[in-house]
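Heads up, target.cif below (mmCIF, C-alpha atoms and all ligand atoms):
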```cif
data_target
#
loop_
_atom_site.group_PDB
_atom_site.id
_atom_site.type_symbol
_atom_site.label_atom_id
_atom_site.label_comp_id
_atom_site.auth_asym_id
_atom_site.auth_seq_id
_atom_site.Cartn_x
_atom_site.Cartn_y
_atom_site.Cartn_z
ATOM 1 C CA MET A 1 -29.648 7.870 16.781
ATOM 2 C CA ILE A 2 -25.932 7.841 17.188
ATOM 3 C CA SER A 3 -23.697 9.613 19.732
ATOM 4 C CA LYS A 4 -21.398 12.463 18.715
ATOM 5 C CA GLN A 5 -18.365 10.379 19.617
ATOM 6 C CA ILE A 6 -19.395 7.461 17.400
ATOM 7 C CA GLU A 7 -20.394 9.867 14.634
ATOM 8 C CA GLN A 8 -16.916 11.385 14.761
ATOM 9 C CA VAL A 9 -15.000 8.104 14.702
ATOM 10 C CA LEU A 10 -17.159 6.786 11.861
ATOM 11 C CA ASN A 11 -16.428 9.951 9.902
ATOM 12 C CA GLU A 12 -12.725 9.393 10.566
ATOM 13 C CA GLN A 13 -13.119 5.833 9.326
ATOM 14 C CA ILE A 14 -14.783 7.061 6.112
ATOM 15 C CA ASN A 15 -11.698 9.208 5.590
ATOM 16 C CA ALA A 16 -9.379 6.269 6.350
ATOM 17 C CA GLU A 17 -11.209 4.077 3.818
ATOM 18 C CA PHE A 18 -10.967 6.756 1.127
ATOM 19 C CA TYR A 19 -7.280 7.113 1.968
ATOM 20 C CA SER A 20 -6.873 3.340 1.569
ATOM 21 C CA SER A 21 -8.494 3.602 -1.843
ATOM 22 C CA TYR A 22 -6.161 6.462 -2.785
ATOM 23 C CA LEU A 23 -3.125 4.573 -1.477
ATOM 24 C CA TYR A 24 -3.991 1.481 -3.519
ATOM 25 C CA MET A 25 -4.576 3.565 -6.635
ATOM 26 C CA ALA A 26 -1.107 5.094 -6.125
ATOM 27 C CA MET A 27 0.322 1.598 -5.787
ATOM 28 C CA ALA A 28 -1.565 0.504 -8.928
ATOM 29 C CA ALA A 29 -0.071 3.458 -10.802
ATOM 30 C CA TYR A 30 3.397 2.439 -9.585
ATOM 31 C CA PHE A 31 2.799 -1.082 -10.936
ATOM 32 C CA ARG A 32 1.539 0.337 -14.251
ATOM 33 C CA SER A 33 4.753 2.378 -14.469
ATOM 34 C CA ILE A 34 6.924 -0.726 -14.167
ATOM 35 C CA LYS A 35 4.624 -2.704 -16.494
ATOM 36 C CA LEU A 36 3.436 -5.222 -13.918
ATOM 37 C CA ASN A 37 -0.127 -4.937 -15.130
ATOM 38 C CA GLY A 38 -1.457 -7.929 -13.199
ATOM 39 C CA PHE A 39 -0.307 -6.401 -9.913
ATOM 40 C CA ALA A 40 -1.838 -3.107 -11.060
ATOM 41 C CA THR A 41 -5.182 -4.773 -11.805
ATOM 42 C CA TRP A 42 -5.184 -6.367 -8.352
ATOM 43 C CA MET A 43 -4.526 -3.016 -6.705
ATOM 44 C CA GLU A 44 -7.160 -1.208 -8.790
ATOM 45 C CA LYS A 45 -9.741 -3.744 -7.658
ATOM 46 C CA GLN A 46 -8.575 -3.303 -4.076
ATOM 47 C CA ALA A 47 -8.947 0.466 -4.402
ATOM 48 C CA LYS A 48 -12.564 0.034 -5.571
ATOM 49 C CA GLU A 49 -13.332 -2.187 -2.608
ATOM 50 C CA GLU A 50 -11.963 0.446 -0.237
ATOM 51 C CA GLU A 51 -14.221 3.028 -1.807
ATOM 52 C CA GLU A 52 -17.158 0.655 -1.236
ATOM 53 C CA HIS A 53 -16.140 0.373 2.430
ATOM 54 C CA ALA A 54 -16.262 4.164 2.747
ATOM 55 C CA LEU A 55 -19.695 4.241 1.112
ATOM 56 C CA LYS A 56 -21.022 1.538 3.422
ATOM 57 C CA ILE A 57 -20.164 3.697 6.434
ATOM 58 C CA TYR A 58 -21.567 6.783 4.690
ATOM 59 C CA GLU A 59 -24.886 4.983 4.192
ATOM 60 C CA TYR A 60 -24.951 3.675 7.730
ATOM 61 C CA LEU A 61 -24.291 7.099 9.253
ATOM 62 C CA ASN A 62 -27.110 8.608 7.222
ATOM 63 C CA LYS A 63 -29.465 5.812 8.196
ATOM 64 C CA ARG A 64 -28.707 6.398 11.885
ATOM 65 C CA ASN A 65 -29.420 10.094 11.527
ATOM 66 C CA GLY A 66 -25.745 10.953 11.902
ATOM 67 C CA ARG A 67 -24.068 13.702 9.906
ATOM 68 C CA VAL A 68 -21.460 12.751 7.359
ATOM 69 C CA SER A 69 -18.521 15.139 7.366
ATOM 70 C CA LEU A 70 -15.953 14.670 4.615
ATOM 71 C CA LYS A 71 -12.408 15.834 5.258
ATOM 72 C CA SER A 72 -9.514 16.106 2.850
ATOM 73 C CA VAL A 73 -7.781 12.879 1.957
ATOM 74 C CA LYS A 74 -4.054 12.703 2.658
ATOM 75 C CA GLU A 75 -1.669 12.410 -0.280
ATOM 76 C CA PRO A 76 -0.382 8.846 -0.642
ATOM 77 C CA PRO A 77 3.272 7.974 -1.360
ATOM 78 C CA PHE A 78 4.343 8.115 -4.996
ATOM 79 C CA GLU A 79 7.237 5.682 -5.196
ATOM 80 C CA TRP A 80 8.182 2.266 -3.849
ATOM 81 C CA LYS A 81 11.427 0.326 -4.087
ATOM 82 C CA SER A 82 9.934 -2.923 -5.364
ATOM 83 C CA PRO A 83 6.741 -5.038 -5.441
ATOM 84 C CA LEU A 84 7.908 -6.537 -2.144
ATOM 85 C CA ASP A 85 8.171 -3.048 -0.671
ATOM 86 C CA VAL A 86 4.590 -2.332 -1.820
ATOM 87 C CA PHE A 87 3.186 -5.444 -0.195
ATOM 88 C CA GLU A 88 5.131 -4.938 3.039
ATOM 89 C CA ALA A 89 3.519 -1.484 3.202
ATOM 90 C CA THR A 90 0.073 -2.868 2.299
ATOM 91 C CA TYR A 91 0.248 -5.450 5.040
ATOM 92 C CA VAL A 92 1.214 -2.853 7.645
ATOM 93 C CA HIS A 93 -1.564 -0.595 6.383
ATOM 94 C CA GLU A 94 -4.248 -3.285 6.608
ATOM 95 C CA GLN A 95 -3.178 -4.127 10.152
ATOM 96 C CA GLU A 96 -3.584 -0.468 11.055
ATOM 97 C CA VAL A 97 -7.078 -0.443 9.526
ATOM 98 C CA THR A 98 -7.962 -3.526 11.577
ATOM 99 C CA LYS A 99 -6.822 -1.788 14.754
ATOM 100 C CA SER A 100 -8.832 1.281 13.874
ATOM 101 C CA ILE A 101 -12.039 -0.764 13.342
ATOM 102 C CA GLU A 102 -11.422 -2.652 16.581
ATOM 103 C CA ARG A 103 -11.010 0.634 18.421
ATOM 104 C CA ILE A 104 -14.393 1.822 17.168
ATOM 105 C CA VAL A 105 -16.007 -1.474 18.177
ATOM 106 C CA SER A 106 -14.627 -1.118 21.683
ATOM 107 C CA LEU A 107 -16.072 2.425 21.853
ATOM 108 C CA THR A 108 -19.486 1.181 20.706
ATOM 109 C CA ASP A 109 -19.343 -1.524 23.352
ATOM 110 C CA GLY A 110 -18.569 1.101 25.992
ATOM 111 C CA GLU A 111 -21.582 3.133 24.878
ATOM 112 C CA LYS A 112 -23.814 0.067 24.497
ATOM 113 C CA ASP A 113 -24.342 1.076 20.867
ATOM 114 C CA TYR A 114 -25.164 -2.455 19.758
ATOM 115 C CA ALA A 115 -26.399 -1.416 16.317
ATOM 116 C CA THR A 116 -23.049 0.097 15.337
ATOM 117 C CA SER A 117 -21.194 -2.779 16.901
ATOM 118 C CA SER A 118 -23.253 -5.199 14.811
ATOM 119 C CA PHE A 119 -22.742 -3.084 11.667
ATOM 120 C CA LEU A 120 -18.980 -3.144 12.214
ATOM 121 C CA GLN A 121 -18.877 -6.915 12.524
ATOM 122 C CA TRP A 122 -18.824 -7.106 8.722
ATOM 123 C CA PHE A 123 -15.688 -4.940 8.716
ATOM 124 C CA ILE A 124 -14.010 -7.130 11.320
ATOM 125 C CA ASP A 125 -14.602 -10.196 9.123
ATOM 126 C CA GLU A 126 -13.512 -8.313 6.014
ATOM 127 C CA GLN A 127 -10.228 -7.334 7.696
ATOM 128 C CA VAL A 128 -9.477 -10.986 8.437
ATOM 129 C CA GLU A 129 -9.899 -11.716 4.714
ATOM 130 C CA GLU A 130 -7.900 -8.694 3.604
ATOM 131 C CA GLU A 131 -4.969 -9.339 5.920
ATOM 132 C CA TYR A 132 -4.987 -12.974 4.813
ATOM 133 C CA SER A 133 -4.980 -12.250 1.070
ATOM 134 C CA VAL A 134 -2.268 -9.591 1.365
ATOM 135 C CA LEU A 135 -0.118 -11.899 3.482
ATOM 136 C CA GLN A 136 -0.421 -14.692 0.879
ATOM 137 C CA ILE A 137 1.023 -12.398 -1.782
ATOM 138 C CA LEU A 138 3.631 -10.972 0.578
ATOM 139 C CA GLU A 139 4.897 -14.428 1.528
ATOM 140 C CA LYS A 140 5.254 -15.377 -2.141
ATOM 141 C CA LEU A 141 7.217 -12.205 -2.841
ATOM 142 C CA ARG A 142 9.467 -12.866 0.152
ATOM 143 C CA MET A 143 10.072 -16.408 -1.063
ATOM 144 C CA MET A 144 10.927 -15.502 -4.654
ATOM 145 C CA LYS A 145 13.334 -12.696 -3.639
ATOM 146 C CA ASP A 146 14.606 -11.182 -6.912
ATOM 147 C CA SER A 147 13.399 -13.842 -9.333
ATOM 148 C CA ASN A 148 11.967 -12.107 -12.415
ATOM 149 C CA GLN A 149 10.384 -15.327 -13.546
ATOM 150 C CA GLY A 150 8.559 -15.697 -10.235
ATOM 151 C CA LEU A 151 7.422 -12.093 -10.436
ATOM 152 C CA LEU A 152 5.985 -12.548 -13.921
ATOM 153 C CA MET A 153 4.142 -15.694 -12.865
ATOM 154 C CA LEU A 154 2.648 -13.913 -9.877
ATOM 155 C CA ASP A 155 1.763 -10.963 -12.106
ATOM 156 C CA ALA A 156 -0.220 -13.281 -14.383
ATOM 157 C CA GLU A 157 -1.980 -14.822 -11.389
ATOM 158 C CA LEU A 158 -2.923 -11.474 -9.832
ATOM 159 C CA GLY A 159 -4.208 -10.172 -13.162
ATOM 160 C CA LYS A 160 -6.945 -12.780 -12.962
ATOM 161 C CA ARG A 161 -8.544 -10.880 -10.081
ATOM 162 C CA ASN A 162 -10.287 -8.861 -12.761
ATOM 163 C CA GLU A 163 -12.266 -11.959 -13.692
ATOM 164 C CA ASP A 164 -13.625 -12.504 -10.137
HETATM 165 FE FE1 LIG A 201 -11.282 -1.140 4.083
HETATM 166 FE FE2 LIG A 201 -8.679 -2.724 3.461
HETATM 167 O O1 LIG A 201 -9.762 -1.875 4.710
#
```

I'd like the structure from this file rewritten - as structure tokens, please.
Amino acid sequence: MISKQIEQVLNEQINAEFYSSYLYMAMAAYFRSIKLNGFATWMEKQAKEEEEHALKIYEYLNKRNGRVSLKSVKEPPFEWKSPLDVFEATYVHEQEVTKSIERIVSLTDGEKDYATSSFLQWFIDEQVEEEYSVLQILEKLRMMKDSNQGLLMLDAELGKRNED
């Protein structure tokens, strides 16, 4: 059994994960539009992972006899100034997601809901990985500034994510 408060914040997190997926699909579409297909592939894969995060919470809530309540997903931005702009925004977004997960963990601790706290540990670890991988790309983009050659090399590298 799960408390109403935890049920509500987990439902909000499902929405946030679907929004993340939507945001990354919008970013992928932006990359497709400027023909950086490797960046687009990376973002499409990221979007799928976010959807999986939402489904993990969906499954958990059902298992704990909670009630899943799906709300509308906010419209993501449509345009960015550059690949650097996209990754600056992605990094900020992932840090916000981390804070949101940490907030839920602190609520579960307050309620002594150890099962949910344990379930969320996976998300805490995942956020460390996600922030790290986004920051790696962001730092490269910051370093290369406006170098088209650098951008194309990074595009080729990111396109390989499809082969993971
Ligand atoms: Fe599911 Fe990137 O946070």

What does the PyMOL selection byres (((chain A and resi 20-23) around 10) and not hetatm) select in this file, as an MDAnalysis selection string? chainID A and resid 14:19 24:29 43:54 73:78 90 93:94 97

Name the closest residue to ligand LIG 201 (chain A) among the candidates A:Ser72, A:Asn65, A:Asn148, A:Ser100; distances are taken between atoms, counting only C-alpha atoms and all ligand atoms.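 When distances to ligand LIG 201 (chain A) are compared using only C-alpha atoms and all ligand atoms, the smallest one comes from A:Ser100.
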
So, with only C-alpha atoms as the atoms that count, which of A:Val68, A:Leu141, A:Ile2, A:Val128 lies closest to Glu88 of chain A? A:Leu141

Pick out the residues sitting within 10 Å of Thr116 of chain A, and hand them over as a PyMOL selection string; count all atoms listed in the file, and ignore anything fewer than 6 positions along from it in its own chain. chain A and resi 2+6+10+60-61+64+104-105+107-109

Here's the selection I'm unsure about, the PyMOL selection byres (((chain A and resi 137) around 12) and not hetatm); applied to the file above, which residues does it give, as an NGL selection string? :A and (39 or 42-43 or 83-88 or 90-91 or 130-136 or 138-144 or 150-151 or 153-155 or 157-158)

Two-atom distance - atom CA of Asn11 of chain A, atom CA of Lys71 of chain A (Å):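 Atom-to-atom, atom CA of Asn11 of chain A to atom CA of Lys71 of chain A, that is 8.5 Å.
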
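The closest residue to ligand LIG 201 (chain A), picked from A:Asp113, A:Glu7, A:Glu12, A:Glu126 and counting only C-alpha atoms and all ligand atoms, is A:Glu126.
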
Closest to ligand LIG 201 (chain A) among A:Ser147, A:Gln121, A:Thr98, A:Gln5, using all atoms listed in the file?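 Checking each of A:Ser147, A:Gln121, A:Thr98, A:Gln5 against ligand LIG 201 (chain A), counting all atoms listed in the file, the winner is A:Thr98.
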
d(atom CA of Ser118 of chain A, atom CA of Arg67 of chain A) in Å: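 Atom CA of Arg67 of chain A lies at a distance of 19.5 Å from atom CA of Ser118 of chain A.
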
From A:Phe31, A:Ser3, A:Leu120, A:Ile57, residue lying nearest Lys81 of chain A [only C-alpha atoms]: A:Phe31

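In this structure, atom CA of Gly38 of chain A sits 25.5 Å away from atom CA of Glu96 of chain A.
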
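Minimum atom-to-atom distances from A:Phe119, A:Gly159, A:Glu79, A:Lys56 to ligand LIG 201 (chain A) were compared using all atoms listed in the file, and the lowest value belongs to A:Lys56.
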
Let me have the centre and edge lengths in Å, one decimal, of the box along x, y and z around every listed atom of segment 35-38 of chain A with 6 Å of margin on each side, as JSON.
```
{"center_x": 1.6, "center_y": -5.3, "center_z": -14.8, "size_x": 18.1, "size_y": 17.2, "size_z": 15.3}
```
